[in-house]
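Student: Hey, dropping run33.txt in here, compact mmCIF, C-alpha atoms and all ligand atoms:
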# COMPACT_ATOMS: atom_id res chain seq x y z
CA MET A 12 5.10 -3.89 19.57
CA VAL A 13 5.93 -7.28 18.17
CA ARG A 14 8.40 -7.25 15.33
CA ASP A 15 9.25 -10.53 13.74
CA GLU A 16 12.69 -9.65 12.44
CA PHE A 17 13.14 -13.09 10.98
CA ALA A 18 9.96 -13.30 8.93
CA PHE A 19 11.22 -11.79 5.72
CA ARG A 20 8.08 -11.77 3.62
CA GLY A 21 7.87 -14.42 0.97
CA ARG A 22 10.72 -16.37 2.49
CA GLU A 23 8.91 -17.81 5.48
CA ASN A 24 9.89 -21.28 4.34
CA SER A 25 13.65 -20.79 4.52
CA PRO A 26 15.28 -21.72 7.83
CA PRO A 27 15.69 -18.71 10.16
CA ALA A 28 19.02 -19.98 11.53
CA ALA A 29 21.86 -17.46 11.25
CA ASN A 30 19.69 -15.21 9.11
CA VAL A 31 20.31 -12.07 11.09
CA PRO A 32 18.67 -9.17 9.25
CA LEU A 33 21.18 -6.84 7.61
CA SER A 34 20.98 -3.07 7.64
CA PHE A 35 20.86 -1.43 4.25
CA THR A 36 20.83 2.18 3.09
CA PRO A 37 19.90 3.03 -0.51
CA PRO A 38 22.20 5.42 -2.43
CA PRO A 39 21.49 9.18 -2.42
CA MET A 40 19.63 10.70 -5.38
CA SER A 41 22.83 12.49 -6.46
CA LYS A 42 24.27 9.09 -7.41
CA ILE A 43 21.74 8.41 -10.17
CA PRO A 44 23.90 7.84 -13.28
CA ASP A 45 23.69 9.92 -16.46
CA GLY A 46 22.70 8.47 -19.81
CA PRO A 47 19.76 6.31 -20.84
CA GLU A 48 19.87 4.14 -17.71
CA GLY A 49 19.72 7.24 -15.51
CA ALA A 50 16.82 8.58 -17.55
CA SER A 51 14.86 5.38 -16.95
CA ILE A 52 15.66 5.44 -13.21
CA ARG A 53 14.55 9.07 -12.98
CA HIS A 54 11.35 8.35 -14.86
CA GLY A 55 10.65 5.38 -12.58
CA MET A 56 11.04 7.65 -9.58
CA ALA A 57 8.71 10.23 -11.16
CA ILE A 58 6.06 7.54 -11.73
CA PHE A 59 6.44 6.46 -8.10
CA GLU A 60 6.04 10.02 -6.80
CA ASN A 61 3.43 11.42 -9.22
CA THR A 62 1.63 8.30 -10.33
CA GLY A 63 -1.56 10.14 -11.25
CA THR A 64 0.20 12.32 -13.84
CA GLU A 65 3.06 10.05 -14.99
CA ALA A 66 0.89 6.93 -15.36
CA LYS A 67 -2.43 8.72 -15.80
CA PRO A 68 -4.23 6.18 -18.06
CA PHE A 69 -3.89 3.51 -15.38
CA VAL A 70 -4.71 5.39 -12.16
CA GLY A 71 -8.28 5.49 -10.87
CA ASN A 72 -7.81 7.33 -7.59
CA GLN A 73 -5.97 10.21 -5.92
CA LEU A 74 -3.11 8.17 -4.51
CA ALA A 75 0.48 7.67 -5.63
CA CYS A 76 2.87 4.81 -4.87
CA ARG A 77 4.60 7.17 -2.40
CA SER A 78 1.35 7.60 -0.43
CA CYS A 79 1.98 4.22 1.22
CA HIS A 80 5.68 3.64 0.46
CA LEU A 81 7.07 6.78 2.09
CA ASP A 82 10.14 8.84 1.15
CA ALA A 83 9.82 7.76 -2.49
CA GLY A 84 9.98 4.11 -1.49
CA ARG A 85 13.06 4.52 0.72
CA LYS A 86 11.63 4.47 4.22
CA ALA A 87 12.17 1.34 6.31
CA ASP A 88 8.96 -0.27 7.64
CA SER A 89 6.84 1.18 4.84
CA ALA A 90 7.60 -1.68 2.44
CA PRO A 91 10.67 0.02 0.93
CA MET A 92 11.44 -0.76 -2.70
CA TRP A 93 15.11 -1.66 -2.13
CA ALA A 94 13.97 -4.57 0.04
CA ALA A 95 11.18 -5.54 -2.33
CA TRP A 96 13.54 -5.65 -5.30
CA VAL A 97 15.76 -8.38 -3.84
CA SER A 98 12.81 -10.58 -2.83
CA TYR A 99 11.28 -11.22 -6.28
CA PRO A 100 10.29 -13.43 -8.00
CA GLN A 101 8.24 -14.80 -5.14
CA TYR A 102 5.25 -17.11 -4.56
CA ARG A 103 2.07 -15.27 -3.48
CA ALA A 104 -0.99 -16.90 -1.93
CA LYS A 105 -3.07 -13.96 -3.25
CA ASN A 106 -2.92 -15.33 -6.83
CA LYS A 107 -1.42 -18.75 -6.10
CA LYS A 108 1.58 -18.51 -8.44
CA MET A 109 5.17 -17.37 -8.71
CA ASN A 110 5.07 -13.60 -9.19
CA THR A 111 7.65 -11.56 -11.05
CA MET A 112 8.07 -7.94 -10.00
CA GLU A 113 5.95 -6.98 -13.01
CA ASP A 114 3.11 -9.25 -11.78
CA ARG A 115 3.40 -7.60 -8.37
CA LEU A 116 3.25 -4.09 -9.83
CA ASN A 117 0.28 -5.04 -11.98
CA GLY A 118 -1.50 -5.92 -8.72
CA CYS A 119 -0.52 -2.58 -7.13
CA PHE A 120 -2.17 -0.76 -10.03
CA SER A 121 -5.25 -2.99 -9.94
CA TYR A 122 -5.95 -2.62 -6.23
CA SER A 123 -3.98 0.13 -4.48
CA MET A 124 -4.32 2.48 -7.48
CA ASN A 125 -7.86 1.30 -8.36
CA ALA A 126 -7.08 0.96 -12.09
CA GLN A 127 -10.65 -0.13 -12.84
CA GLY A 128 -11.67 3.52 -12.37
CA SER A 129 -8.84 4.84 -14.60
CA PRO A 130 -9.22 6.29 -18.11
CA SER A 131 -8.08 2.95 -19.64
CA GLY A 132 -10.12 0.89 -17.18
CA GLY A 133 -7.22 -1.33 -16.13
CA PRO A 134 -3.54 -1.63 -15.13
CA PRO A 135 -0.66 -1.08 -17.61
CA PRO A 136 -0.58 -3.99 -20.10
CA LYS A 137 2.15 -6.62 -19.86
CA GLY A 138 5.46 -5.22 -21.12
CA ASP A 139 4.44 -1.56 -20.78
CA PRO A 140 7.56 0.63 -20.28
CA ILE A 141 6.03 1.89 -16.99
CA TYR A 142 7.06 -1.44 -15.46
CA ALA A 143 10.60 -1.28 -16.83
CA ASP A 144 11.11 2.25 -15.51
CA LEU A 145 9.74 1.43 -12.05
CA GLU A 146 11.97 -1.64 -11.95
CA ALA A 147 15.01 0.39 -13.07
CA TYR A 148 14.37 2.70 -10.11
CA PHE A 149 14.00 -0.17 -7.61
CA HIS A 150 17.07 -1.94 -8.99
CA TRP A 151 19.08 1.23 -8.53
CA LEU A 152 17.71 1.79 -4.99
CA ALA A 153 18.93 -1.73 -4.18
CA SER A 154 22.47 -1.04 -5.49
CA ASN A 155 24.86 -3.39 -3.65
CA ALA A 156 22.07 -4.95 -1.57
CA PRO A 157 22.56 -8.68 -0.98
CA THR A 158 20.05 -10.85 -2.82
CA GLY A 159 18.14 -13.33 -0.69
CA ALA A 160 19.33 -11.85 2.60
CA LYS A 161 16.97 -10.55 5.25
CA LEU A 162 17.06 -6.77 5.25
CA LYS A 163 16.02 -4.74 8.28
CA GLY A 164 12.92 -2.64 7.63
CA ALA A 165 11.57 -4.79 4.78
CA GLY A 166 7.79 -4.86 4.38
CA PHE A 167 5.43 -3.40 6.97
CA LEU A 168 5.52 -4.06 10.72
CA LYS A 169 3.66 -7.14 11.84
CA LEU A 170 1.69 -5.94 14.86
CA LYS A 171 0.19 -8.56 17.12
CA LEU A 172 -3.53 -8.07 17.74
CA PRO A 173 -3.86 -6.71 21.29
CA GLN A 174 -5.93 -8.51 23.94
CA ALA A 175 -8.80 -6.05 23.49
CA GLY A 176 -8.99 -6.78 19.76
CA TYR A 177 -9.92 -3.89 17.49
CA ASP A 178 -12.89 -1.57 17.69
CA ARG A 179 -14.11 0.98 15.18
CA ASP A 180 -15.71 3.25 17.79
CA ARG A 181 -12.46 3.51 19.73
CA GLY A 182 -10.83 4.03 16.33
CA ARG A 183 -13.14 6.93 15.55
CA ALA A 184 -11.79 8.73 18.64
CA VAL A 185 -8.15 7.98 17.78
CA TYR A 186 -8.83 9.26 14.27
CA ALA A 187 -10.40 12.51 15.47
CA GLN A 188 -7.44 13.22 17.74
CA HIS A 189 -4.47 12.07 15.64
CA CYS A 190 -5.46 11.88 11.98
CA ALA A 191 -8.30 14.21 11.02
CA SER A 192 -6.11 17.34 11.04
CA CYS A 193 -4.47 16.13 7.82
CA HIS A 194 -6.81 13.54 6.33
CA GLY A 195 -10.04 15.45 7.16
CA ASP A 196 -13.02 14.49 9.34
CA ASP A 197 -14.50 12.79 6.28
CA GLY A 198 -11.26 10.95 5.40
CA GLN A 199 -11.04 12.66 2.02
CA GLY A 200 -7.65 14.29 2.59
CA ARG A 201 -6.80 17.73 1.29
CA THR A 202 -5.76 19.41 -1.95
CA ASP A 203 -3.81 22.68 -2.33
CA ILE A 204 -5.09 25.66 -4.31
CA ASN A 205 -3.79 24.07 -7.53
CA GLY A 206 -5.83 20.96 -6.89
CA ARG A 207 -2.75 18.91 -6.04
CA GLN A 208 -3.46 16.25 -3.41
CA VAL A 209 -1.33 17.07 -0.36
CA PHE A 210 -2.98 14.71 2.12
CA PRO A 211 -4.32 11.54 0.52
CA PRO A 212 -7.89 10.21 0.93
CA LEU A 213 -8.23 7.18 3.20
CA TRP A 214 -11.61 5.94 2.01
CA GLY A 215 -14.34 6.77 -0.51
CA PRO A 216 -14.22 6.75 -4.33
CA ARG A 217 -10.77 8.38 -4.57
CA SER A 218 -8.89 5.91 -2.35
CA TYR A 219 -7.63 2.28 -2.58
CA ASN A 220 -10.20 -0.40 -3.39
CA TRP A 221 -11.41 -3.45 -1.46
CA GLY A 222 -8.86 -5.73 -3.09
CA ALA A 223 -5.90 -3.70 -1.77
CA GLY A 224 -3.50 -4.92 0.92
CA MET A 225 -4.23 -1.76 2.93
CA ALA A 226 -7.89 -2.82 3.23
CA GLN A 227 -6.72 -5.63 5.52
CA LEU A 228 -6.51 -4.51 9.11
CA ASN A 229 -3.18 -6.17 9.91
CA ASN A 230 -1.44 -4.34 7.05
CA ALA A 231 -3.09 -1.02 7.88
CA ALA A 232 -2.27 -1.36 11.59
CA GLY A 233 1.40 -2.09 10.87
CA PHE A 234 1.62 0.80 8.41
CA ILE A 235 -0.06 3.23 10.81
CA LYS A 236 2.03 2.19 13.82
CA ALA A 237 5.37 2.81 12.07
CA ASN A 238 4.42 5.75 9.86
CA MET A 239 1.47 7.77 11.12
CA PRO A 240 0.81 10.48 12.16
CA LEU A 241 3.25 11.56 9.43
CA GLY A 242 6.60 12.47 11.00
CA ALA A 243 5.58 10.93 14.33
CA GLY A 244 5.74 7.20 13.60
CA ASN A 245 5.82 4.81 16.58
CA THR A 246 4.10 7.27 18.91
CA LEU A 247 0.69 5.54 18.93
CA THR A 248 0.18 2.40 21.01
CA ASP A 249 -0.43 -0.88 19.17
CA GLN A 250 -4.03 -0.65 20.39
CA GLN A 251 -4.47 2.81 18.89
CA ALA A 252 -2.96 1.66 15.58
CA TRP A 253 -5.34 -1.33 15.33
CA ASP A 254 -8.35 0.78 16.31
CA ALA A 255 -7.51 3.54 13.80
CA ALA A 256 -7.11 0.83 11.15
CA ALA A 257 -10.56 -0.49 12.06
CA TRP A 258 -12.06 2.97 11.63
CA ILE A 259 -10.61 3.72 8.21
CA ASP A 260 -11.08 0.18 6.87
CA SER A 261 -14.75 -0.01 7.89
CA GLN A 262 -15.70 2.75 5.44
CA GLU A 263 -16.93 2.22 1.90
CA ARG A 264 -14.42 2.33 -0.98
CA PRO A 265 -14.31 1.21 -4.64
CA LYS A 266 -15.33 -2.38 -5.37
CA ASP A 267 -12.95 -5.30 -5.42
CA PRO A 268 -12.27 -5.60 -9.18
CA ARG A 269 -12.23 -9.41 -8.88
CA GLN A 270 -15.89 -9.49 -7.82
CA LYS A 271 -18.07 -11.47 -10.23
CA GLY A 272 -21.11 -12.49 -8.18
CA THR A 273 -22.40 -11.02 -4.93
CA VAL A 274 -20.23 -9.54 -2.19
CA ALA A 275 -20.95 -12.65 -0.09
CA GLU A 276 -19.66 -14.87 -2.90
CA ASN A 277 -16.58 -12.69 -3.25
CA VAL A 278 -15.88 -13.05 0.47
CA VAL A 279 -15.62 -16.79 -0.04
CA ALA A 280 -13.62 -16.45 -3.27
CA PHE A 281 -11.02 -13.92 -2.13
CA HIS A 282 -11.40 -12.67 1.44
CA SER A 283 -11.76 -15.71 3.69
CA GLY A 284 -9.21 -15.72 6.48
CA GLU A 285 -8.49 -12.01 6.09
CA LYS A 286 -8.86 -9.49 8.91
CA THR A 287 -11.25 -7.23 7.04
CA PHE A 288 -14.61 -5.52 7.23
CA TYR A 289 -15.30 -6.58 3.64
CA GLY A 290 -18.73 -8.23 3.50
CA LYS A 291 -19.71 -7.05 7.01
CA THR A 292 -22.76 -4.89 7.61
CA VAL A 293 -21.99 -1.66 9.47
CA ASP A 294 -24.71 0.86 10.35
CA GLY A 295 -27.07 -0.97 8.01
CA HIS A 296 -24.67 -0.80 5.05
CA LEU A 297 -23.07 -3.83 3.39
CA LEU A 298 -19.38 -2.98 3.09
CA GLY A 299 -17.92 -4.00 -0.26
CA SER A 300 -20.89 -2.66 -2.25
CA GLY A 301 -18.52 -0.04 -3.67
CA THR A 302 -18.57 3.65 -4.45
CA GLU A 303 -19.54 5.17 -7.75
CA ALA A 304 -17.86 7.71 -9.99
CA PRO A 305 -14.10 7.79 -9.50
CA VAL A 306 -12.50 11.22 -9.91
CA GLN A 307 -11.08 10.63 -13.35
CA ALA A 308 -13.41 10.07 -16.29
CA SER A 309 -13.88 6.38 -17.00
CA ARG A 310 -14.35 4.87 -20.45
CA ARG A 311 -18.08 4.42 -20.05
C1 LIG B 401 -2.92 2.31 -0.45
C2 LIG B 401 -1.55 2.01 -0.14
C3 LIG B 401 -0.63 1.55 -1.26
C4 LIG B 401 -0.37 2.17 -2.46
C5 LIG B 401 -1.00 3.44 -3.00
C6 LIG B 401 0.61 1.36 -3.12
N1 LIG B 401 0.95 0.30 -2.34
FE1 LIG B 401 2.40 -1.06 -2.71
N2 LIG B 401 1.88 -2.09 -1.04
C7 LIG B 401 0.92 -1.71 -0.14
C8 LIG B 401 0.77 -2.74 0.87
C9 LIG B 401 -0.20 -2.69 2.06
C10 LIG B 401 1.70 -3.75 0.54
C11 LIG B 401 1.97 -5.05 1.29
C12 LIG B 401 0.78 -5.84 1.58
C13 LIG B 401 0.44 -6.79 0.50
O1 LIG B 401 1.21 -7.73 0.27
O2 LIG B 401 -0.63 -6.63 -0.15
C14 LIG B 401 2.38 -3.31 -0.66
C15 LIG B 401 3.40 -4.01 -1.29
C16 LIG B 401 4.10 -3.55 -2.39
C17 LIG B 401 5.25 -4.22 -2.96
C18 LIG B 401 5.89 -5.47 -2.40
C19 LIG B 401 6.75 -5.09 -1.24
C20 LIG B 401 7.52 -6.23 -0.62
O3 LIG B 401 8.33 -5.95 0.28
O4 LIG B 401 7.32 -7.38 -1.03
C21 LIG B 401 5.67 -3.48 -4.04
C22 LIG B 401 6.83 -3.77 -4.94
C23 LIG B 401 4.75 -2.35 -4.14
N3 LIG B 401 3.83 -2.43 -3.13
C24 LIG B 401 4.85 -1.38 -5.11
C25 LIG B 401 3.90 -0.36 -5.27
C26 LIG B 401 3.89 0.56 -6.41
C27 LIG B 401 4.90 0.58 -7.53
C28 LIG B 401 2.81 1.36 -6.23
C29 LIG B 401 2.29 2.43 -7.18
C30 LIG B 401 2.00 2.00 -8.55
C31 LIG B 401 2.18 0.99 -4.97
N4 LIG B 401 2.86 -0.08 -4.43
C32 LIG B 401 1.11 1.62 -4.40
C33 LIG B 401 0.23 -0.53 -0.15
C34 LIG B 401 0.20 0.38 -1.20
C1 LIG B 402 0.73 15.63 9.53
C2 LIG B 402 -0.26 15.14 8.60
C3 LIG B 402 -0.75 13.71 8.77
C4 LIG B 402 -1.31 13.14 9.90
C5 LIG B 402 -1.60 13.81 11.24
C6 LIG B 402 -1.66 11.77 9.54
N1 LIG B 402 -1.30 11.53 8.24
FE1 LIG B 402 -1.61 9.78 7.20
N2 LIG B 402 -0.61 10.56 5.62
C7 LIG B 402 -0.13 11.85 5.51
C8 LIG B 402 0.54 12.00 4.23
C9 LIG B 402 1.16 13.29 3.68
C10 LIG B 402 0.48 10.75 3.60
C11 LIG B 402 1.08 10.37 2.25
C12 LIG B 402 2.59 10.29 2.35
C13 LIG B 402 3.30 10.92 1.20
O1 LIG B 402 2.71 11.13 0.13
O2 LIG B 402 4.48 11.25 1.39
C14 LIG B 402 -0.28 9.87 4.50
C15 LIG B 402 -0.62 8.55 4.19
C16 LIG B 402 -1.50 7.77 4.94
C17 LIG B 402 -2.03 6.49 4.52
C18 LIG B 402 -1.74 5.77 3.21
C19 LIG B 402 -2.35 6.49 2.02
C20 LIG B 402 -3.86 6.51 1.97
O3 LIG B 402 -4.43 7.52 1.57
O4 LIG B 402 -4.50 5.50 2.31
C21 LIG B 402 -2.83 6.04 5.53
C22 LIG B 402 -3.61 4.74 5.58
C23 LIG B 402 -2.78 7.04 6.58
N3 LIG B 402 -1.97 8.07 6.18
C24 LIG B 402 -3.44 6.93 7.79
C25 LIG B 402 -3.30 7.85 8.83
C26 LIG B 402 -3.84 7.64 10.17
C27 LIG B 402 -4.68 6.45 10.60
C28 LIG B 402 -3.47 8.73 10.91
C29 LIG B 402 -3.73 8.98 12.37
C30 LIG B 402 -3.20 7.97 13.28
C31 LIG B 402 -2.73 9.63 10.02
N4 LIG B 402 -2.63 9.04 8.78
C32 LIG B 402 -2.24 10.86 10.41
C33 LIG B 402 -0.26 12.84 6.46
C34 LIG B 402 -0.74 12.67 7.74
Starting from the file, lay out its structure as structure tokens.
Ligand code: HEC
Ligand code: HEC

Tutor:
Amino acid sequence: MVRDEFAFRGRENSPPAANVPLSFTPPPMSKIPDGPEGASIRHGMAIFENTGTEAKPFVGNQLACRSCHLDAGRKADSAPMWAAWVSYPQYRAKNKKMNTMEDRLNGCFSYSMNAQGSPSGGPPPKGDPIYADLEAYFHWLASNAPTGAKLKGAGFLKLKLPQAGYDRDRGRAVYAQHCASCHGDDGQGRTDINGRQVFPPLWGPRSYNWGAGMAQLNNAAGFIKANMPLGAGNTLTDQQAWDAAAWIDSQERPKDPRQKGTVAENVVAFHSGEKTFYGKTVDGHLLGSGTEAPVQASRR
């Protein structure tokens, strides 16, 4: 496993000298203050945990923020929110501008939460209180964290691509052995008798779309290595993590909402240089074509 402790995301340009990453632990839930500030923090946490009910108009899949940012955004190496909070505003190559935390969250709704398939057809509008409450929660999680320092466990692991590359057929076998028990043979996860999603879908119409960070193999491999199988992070080899990523990210999912022309044109516009199956043909199917009919009723 290769872990670049010094590459604090978004700050690659600052000199690494003497920037030893600091350990940080967010405060326990019992420390959430009373009063209006506490109410906003609690609501932010509820949105993070139950995004599909608390931010229903803007969610077009069966995921929640917590699906990928584990332990309610507390867990190290699953892009924890305490580390994210102290690293914004930040320049992002994805949209070529300085991003505030609200810009960043708008992107999470658009891609990871597939807002195009939501009842409103898009992410929360600028200034929506959903952003303020999420930010109140992150700000509180980062209580007493140093701003601009490198915090241990920020972001996802950066896993070097192994010599043997990645392979979706090897990944299919890893998936069957280590993942299918929870996420299902068909990757659609599982709901309990009340219809509540207990294991989230990894592909198909109810999962993240082609514009999401998780659709890039390097992000998925790093996430899987540190966090999956759930409760047994860091038990797979790097090779297994890359191969499992190749299996789940070579399945069809909702369209990239930025697509205007053909998939091939969208590869050039937004996906060049990415490690992705977007725009590749697998088993005679052009990946990126999209899935129809998200779970929740759309406006159409
Ligand atoms: C399908 C998985 C997934 C879901 C669901 C998801 N995210 Fe993320 N998130 C990621 C990935 C992957 C990254 C980092 C890769 C990137 O930059 O695109 C990320 C990055 C972030 C960051 C920046 C972290 C940092 O250290 O800079 C924030 C903040 C964030 N997400 C918040 C959210 C919120 C809030 C939600 C729910 C509205 C959410 N995410 C839902 C996968 C997800
Ligand atoms: C013991 C059950 C379990 C196993 C086994 C498991 N997962 Fe997960 N996985 C979960 C749960 C639960 C979540 C969501 C975390 C949460 O909500 O707290 C999750 C989240 C994810 C996510 C992000 C959310 C999404 O839907 O895209 C990915 C990707 C993922 N798992 C991939 C895998 C892979 C690959 C394997 C096999 C190496 C695997 N998981 C094995 C339970 C499991």

Student: Identify, counting only C-alpha atoms and all ligand atoms, the protein, DNA and RNA residues located within 6 Å of ligand LIG 401 (chain B), and give them as a ChimeraX atom specification.

Tutor: /A:59,74-76,78-79,90,92,94-95,116,119-120,123-124,165-166,219,224-225,230

Student: With distances taken over only C-alpha atoms, which of A:Val70, A:Leu33, A:Ala280, A:Leu241 is nearest to Pro134 of chain A?

Tutor: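 Of A:Val70, A:Leu33, A:Ala280, A:Leu241, the one nearest Pro134 of chain A, counting only C-alpha atoms, is A:Val70.
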
Student: Interatomic distance between atom CA of Pro39 of chain A and atom CA of Cys193 of chain A?

Tutor: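 Between atom CA of Pro39 of chain A and atom CA of Cys193 of chain A the gap works out to 28.8 Å.
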
Student: For Lys169 of chain A, which residue out of A:Thr202, A:Ser121, A:Asn229, A:Asn220 is the nearest one, using all atoms listed in the file?

Tutor: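 Using all atoms listed in the file, Lys169 of chain A sits closest to A:Asn229.
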
Student: Taking all atoms listed in the file into account, name the residue in A:Ile259, A:Met40, A:Ala147, A:Val97 that is nearest to ligand LIG 402 (chain B).

Tutor: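 Closest candidate: A:Ile259.
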
Student: Check every protein, DNA and RNA residue against ligand LIG 402 (chain B), keep those with an atom at most 8 Å away (counting all atoms listed in the file), and present them as an MDAnalysis selection string.

Tutor: chainID A and resid 60 74:75 77:83 185:186 188:194 200 209:214 218:219 225 231 234:236 238:242 247 251:252 255:256 259

Student: Work out how far atom CA of Arg217 of chain A is from atom CA of Ala66 of chain A, in Å to one decimal.

Tutor: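 The value is 16.0 Å.
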
Student: Let me make sure I understand: among A:Ala87, A:Ile43, A:Ala232, A:Ala223, which one has the smallest atom-to-atom distance to Thr248 of chain A if we use only C-alpha atoms?

Tutor: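 So, comparing all the options, the nearest one is A:Ala232.
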
Student: What gap, in Å, lies between atom CA of Arg207 of chain A and atom CA of Gly71 of chain A?

Tutor: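 Going from atom CA of Arg207 of chain A over to atom CA of Gly71 of chain A, I get 15.3 Å.
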
Student: Find the residues around Leu298 of chain A up to 8 Å (only C-alpha atoms counted), leave out those fewer than 6 positions away in its own chain, and share them as a PDB file with C-alpha atoms, in the coordinates of the input.

Tutor:
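Produced file part29.pdb, reproduced below:
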ATOM      1  CA  SER A 261     -14.750  -0.010   7.890  1.00  0.00           C
ATOM      2  CA  GLN A 262     -15.700   2.750   5.440  1.00  0.00           C
ATOM      3  CA  GLU A 263     -16.930   2.220   1.900  1.00  0.00           C
ATOM      4  CA  PHE A 288     -14.610  -5.520   7.230  1.00  0.00           C
ATOM      5  CA  TYR A 289     -15.300  -6.580   3.640  1.00  0.00           C
ATOM      6  CA  GLY A 290     -18.730  -8.230   3.500  1.00  0.00           C
ATOM      7  CA  LYS A 291     -19.710  -7.050   7.010  1.00  0.00           C
ATOM      8  CA  THR A 292     -22.760  -4.890   7.610  1.00  0.00           C
TER       9      THR A 292
END

Student: Between A:Arg264, A:Lys286, A:Lys163, A:Arg269, single out the one closest to Thr302 of chain A, counting only C-alpha atoms.

Tutor: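 For Thr302 of chain A, the nearest of the candidates is A:Arg264.
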
Student: Write out as a PyMOL selection string the residues lying within 9 Å of His150 of chain A, counting all atoms listed in the file and excluding same-chain residues fewer than 3 positions away.

Tutor: chain A and resi 52+92-93+96-97+145-147+153-154

Student: Between A:Thr273, A:Asn72, A:Asn106, A:Asn205, which is the closest to Gln127 of chain A once you count only C-alpha atoms?

Tutor: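 Checking each of A:Thr273, A:Asn72, A:Asn106, A:Asn205 against Gln127 of chain A, counting only C-alpha atoms, the winner is A:Asn72.
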
Student: At a cut-off of 10 Å, using all atoms listed in the file, what residues contact Asn117 of chain A? Leave out same-chain residues fewer than 2 positions from it and give the result as a PyMOL selection string.

Tutor: chain A and resi 111-115+119-122+124+126+133-137+142

Student: Complete segment 63-74 of chain A at the level of N, CA, C and O atoms, written as a short mmCIF file (atom, residue, chain, number, x, y, z; two decimals), in the coordinates of the input.

Tutor:
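Heads up, here's the output in result.cif:
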data_model
loop_
_atom_site.label_atom_id
_atom_site.label_comp_id
_atom_site.auth_asym_id
_atom_site.auth_seq_id
_atom_site.Cartn_x
_atom_site.Cartn_y
_atom_site.Cartn_z
N GLY A 63 -0.35 9.67 -10.57
CA GLY A 63 -1.56 10.14 -11.25
C GLY A 63 -1.30 10.95 -12.50
O GLY A 63 -2.14 10.99 -13.40
N THR A 64 -0.12 11.60 -12.60
CA THR A 64 0.20 12.32 -13.84
C THR A 64 1.10 11.48 -14.74
O THR A 64 0.88 11.41 -15.94
N GLU A 65 2.09 10.79 -14.17
CA GLU A 65 3.06 10.05 -14.99
C GLU A 65 2.50 8.72 -15.53
O GLU A 65 3.05 8.18 -16.49
N ALA A 66 1.47 8.19 -14.87
CA ALA A 66 0.89 6.93 -15.36
C ALA A 66 -0.63 7.10 -15.43
O ALA A 66 -1.41 6.20 -15.13
N LYS A 67 -1.03 8.29 -15.84
CA LYS A 67 -2.43 8.72 -15.80
C LYS A 67 -3.46 7.72 -16.36
O LYS A 67 -4.51 7.53 -15.74
N PRO A 68 -3.19 7.07 -17.51
CA PRO A 68 -4.23 6.18 -18.06
C PRO A 68 -4.59 5.02 -17.15
O PRO A 68 -5.62 4.39 -17.34
N PHE A 69 -3.73 4.73 -16.16
CA PHE A 69 -3.89 3.51 -15.38
C PHE A 69 -4.21 3.78 -13.90
O PHE A 69 -4.18 2.86 -13.09
N VAL A 70 -4.47 5.03 -13.55
CA VAL A 70 -4.71 5.39 -12.16
C VAL A 70 -6.16 5.85 -11.98
O VAL A 70 -6.59 6.78 -12.65
N GLY A 71 -6.86 5.18 -11.07
CA GLY A 71 -8.28 5.49 -10.87
C GLY A 71 -8.57 6.04 -9.49
O GLY A 71 -9.68 5.89 -8.97
N ASN A 72 -7.57 6.68 -8.87
CA ASN A 72 -7.81 7.33 -7.59
C ASN A 72 -6.84 8.49 -7.40
O ASN A 72 -6.15 8.88 -8.35
N GLN A 73 -6.82 9.05 -6.20
CA GLN A 73 -5.97 10.21 -5.92
C GLN A 73 -4.74 9.83 -5.11
O GLN A 73 -4.22 10.65 -4.36
N LEU A 74 -4.30 8.59 -5.24
CA LEU A 74 -3.11 8.17 -4.51
C LEU A 74 -1.92 8.09 -5.45
O LEU A 74 -2.07 8.17 -6.67
#
